[in-house]
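Written below as structure tokens is the structure these notes are about.
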Amino acid sequence: MGMFRIFRRKDPPEQQPGSGHSGYFPLQDAPGRSWDDDDDDIVYRSGTARRAAPAWDEWDSRLDQLDRSVAQVERKRQKWWRRAYWQGRRKRWWAVRIVAAIIALFFALVAWLAITAPLSKSLQPIAPPQVTLLASDGTPIARNGAVVEAPVEVAELPPHVVEAFIATEDRRFYSHWGVDPRGIARAAFTGTGGGSTITQQLAKFTFLTPERSLTRKAREALIAFWLEAWLSKDEILERYLSNAYFGDNMYGLRAASLHYFYRQPENLKPNQAAMLAGLLQAPSAYAPTDHYDRAERRMKIVVRSMVAAGYLTEAEARAMKPPRLDVRNLDGDLPTGTYFADWALPEARTLSDVGYSRETLTTTLDSRLQEAARRAIARAPLGKAQVALVAMHPNGEVVAMIGGKDYAQSAFNRATQAQRQPGSTFKLFVYLAALDAGMSPDDTIDGSEITEGSYRPKNAEGRYAPSITLADAFAHSSNVAAVRLQQKVGTSAVIAMARQLGVSSKLAEGDPSLALGTSAMNLLELTAAYAGVAGNSFPVEPTAFPVESPGFLGSLFDGKDSFSSRTESDIKQLLRKAVNEGTGRAARLSIPNFGKTGTTQDHRDALFVGFAGDLVVGVWVGNDDDTAMPGVYGGTIPARIWKDFMTQALGRQVAPKPTSRPNPQGPVKPLDVPDVGDIPLGDSGATLNIDSGGATINGEVEGVPVGVRIDANGVQLQPQAAPTAPPQPQPAPS
């Protein structure tokens, strides 16, 4: 139909349907002839004289258009991957599509760079700034992270500072577009300067990984062009100098200047700037605090580069001497870790603002309670076994944490990282599910030995009863009663109760041994569940930082749940009975306290978890290799550690409060390091003993034993005390 529309558009207006011929022309006729009375050419047809004006060009045009239409229809029928589909295209067709593809690729590239290399990222420090964690009383307990200071501004720096870095790292920085082929060639032949420009280095350590590949180099060059297109040269240089690594955990020119020379970069001398510029090639290898001779040799190379670049004369270069270091407060800047700090630091990073400033955050750790926990651990007859302790408030604020006997020997945190079986402490969830379903502590359950079925648990003491109340079964930790009670309420109800109280570890559905605590979890998770019972508000999320009280209205929408007053009273009755009359008697205090013991198969794990006053505490004892501990139950060593700690904590029998506020920037206090024994001083027989309260030097003066005590009360001269015998372990109850 398109072909006939062409003819209809070109028909002379006087031609009518049915008149004239239908596409056939005599040889003497001129197609498309327009008739004119003045034309001398006359053609006679049917006795009529007519004049014709030839229009062959118009006819050829119609035929060409017809051919193109047919070809277009035929091309549409071709598949795009066929050669015929692309043949015969006009140059303009190709040009339009190539330009469109280039524009689309450009916008896609801009979008990709905006997502993967946002300019704002180059304003952020490449290493997390240093975070100092304080105990609740202000005592520094840990430092972690890079030392990062405020960014520098090129306009504020002396010319010799900028020139030292330009001459060494990128001599043509102000003339290239991000990639410098001449600089690459110079570096290859002379060994002076780097192959990458300053812009490429900024792109590398800000946006890319340190892998070595052609793909990464291509991305580096692409991002360098992107930075050059959107930032000024001074902005690129400022971001480079503010993020580069200078060794000794120092990131950025300001941090390095303060660390090595104790002065702001705006006040650097030429020789100091030259030494700092030389560190960038290999910061750890050239750090002048450890390798001053290497830093000095590298500085001389920088000075020669400044002469070659025209920034210094030969006379000025010869007169430049190596600078003197001025490093201060090294001890206060060393990062130190503890079990609590290792656990708290990830949370601290989420709370700190992204920026160059150092952060000082106050945690919930009570240094006096931490000391009490460490003392309780030190007094326990653990032998080769390891230990973990967690103390928190009912709202989840952790106030003390022990992850092992000695952090210096093992940084593995057994309170947060070790997944161990909770044993009978898991029975809390079984009995809570039963009480929540309407049962009461006085209800009875079959307590006889299980003699049928594939799973036949035994009671630890080998005692059974035809019938036993829930209160007595819980207090004496009857295994058969717990398994039957779980069968009665259903494992799904027990698991649902554990989930309500915040347990997220995997729990075995349909496993009858679940009631005896065979599904592993960590001590922190278990203690937090008991905290939910203590405060009747759950789930409890353990935290290292203070929790703000939500208030009355906030508590209505904080997502917390609670038990009915009857269920709360009943479960606390069971926990109280377990301490007063049951397996947890070794943990009994002079004030009301609640808890539950736990011992796993073959005595591989022993636990006691309970609460009193405003503290919820969990204690675990076991071997890292999961071997047995004969004679150790939850009611022996763990219960005694729990009581020792709680006696100190609630009775305030801990170290006195300091008379002055600790310095947050001072040295870190190693809370997880045991008391150091006597340290010999020379060959005289004198010894130094360091404890939590101070230090004592014991020796002899003319054969008379004397001691010099140094503590918060000053220096005191006292007679040398006779050594005291270590505390003897108490016999384990049967």
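Each chain in the structure tokens gets a letter, A, B, ..., in the order shown, and its residues are numbered from 1; ligands are numbered from 1 in order too.
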Exercise for the section: Find the spatial neighbours of stretch 396-404 of chain A, counting only C-alpha atoms, within a cut-off of 6 Å - ignore same-chain residues fewer than 6 positions away - and output them as a list in words. Expected result: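 Near neighbours after the sequence-gap exclusion: Tyr339, Phe340, Thr364, Leu365, Asp366, Gln370, Gln386, Val387, Ala388, Leu389, Val390, Asn413, Arg414, Ala415, Val540, Glu541, Pro542, Thr543 and Ala544 of chain A.
Residues surrounding A:Ser590 within 12 Å are A:Val579, A:Asn580, A:Arg585, A:Ala587, A:Asn593, A:Phe594, A:Ala612, A:Gly613, A:Lys643, A:Met646, A:Thr647, A:Leu650, A:Gly651 [only C-alpha atoms; sequence separation below 3 positions excluded].
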Exercise for the section: Excluding A:Pro466 and any residue of its chain fewer than 3 positions from it, enumerate the residues within 8 Å of it, using only C-alpha atoms, and give them as a ChimeraX atom specification. Expected result: /A:446-448
Atoms to include: N, CA and C atoms. Write the selected residues as a short mmCIF file (atom, residue, chain, number, x, y, z; two decimals), in the first residue's frame.
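Printed below is selection.cif as written:
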```cif
data_model
loop_
_atom_site.label_atom_id
_atom_site.label_comp_id
_atom_site.auth_asym_id
_atom_site.auth_seq_id
_atom_site.Cartn_x
_atom_site.Cartn_y
_atom_site.Cartn_z
N ASP A 446 5.85 -36.38 86.57
CA ASP A 446 6.50 -37.67 86.79
C ASP A 446 8.01 -37.48 86.90
N GLY A 447 8.57 -37.93 88.01
CA GLY A 447 10.01 -37.80 88.23
C GLY A 447 10.72 -39.13 88.25
N SER A 448 10.07 -40.17 87.77
CA SER A 448 10.69 -41.50 87.79
C SER A 448 11.68 -41.64 86.64
#
```
Exercise for the section: Would you mind reading off the distance between atom CA of A:Leu556 and atom CA of A:Gly532, one decimal, in Å? Expected result: 16.6 Å
Fill in the blank from the handout: Using only C-alpha atoms, the residue out of A:Ala104, A:Ala385, A:Ala481, A:Leu607 with shortest distance to A:Thr627 is A:Ala385
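The space separating atom CA of A:Gly559 from atom CA of A:Ser504 comes to 16.6 Å.
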Fill in the blank from the handout: A:Met629 proximity check over A:Ser232, A:Ser513, A:Gln601, A:Ser492, using only C-alpha atoms: winner is A:Gln601
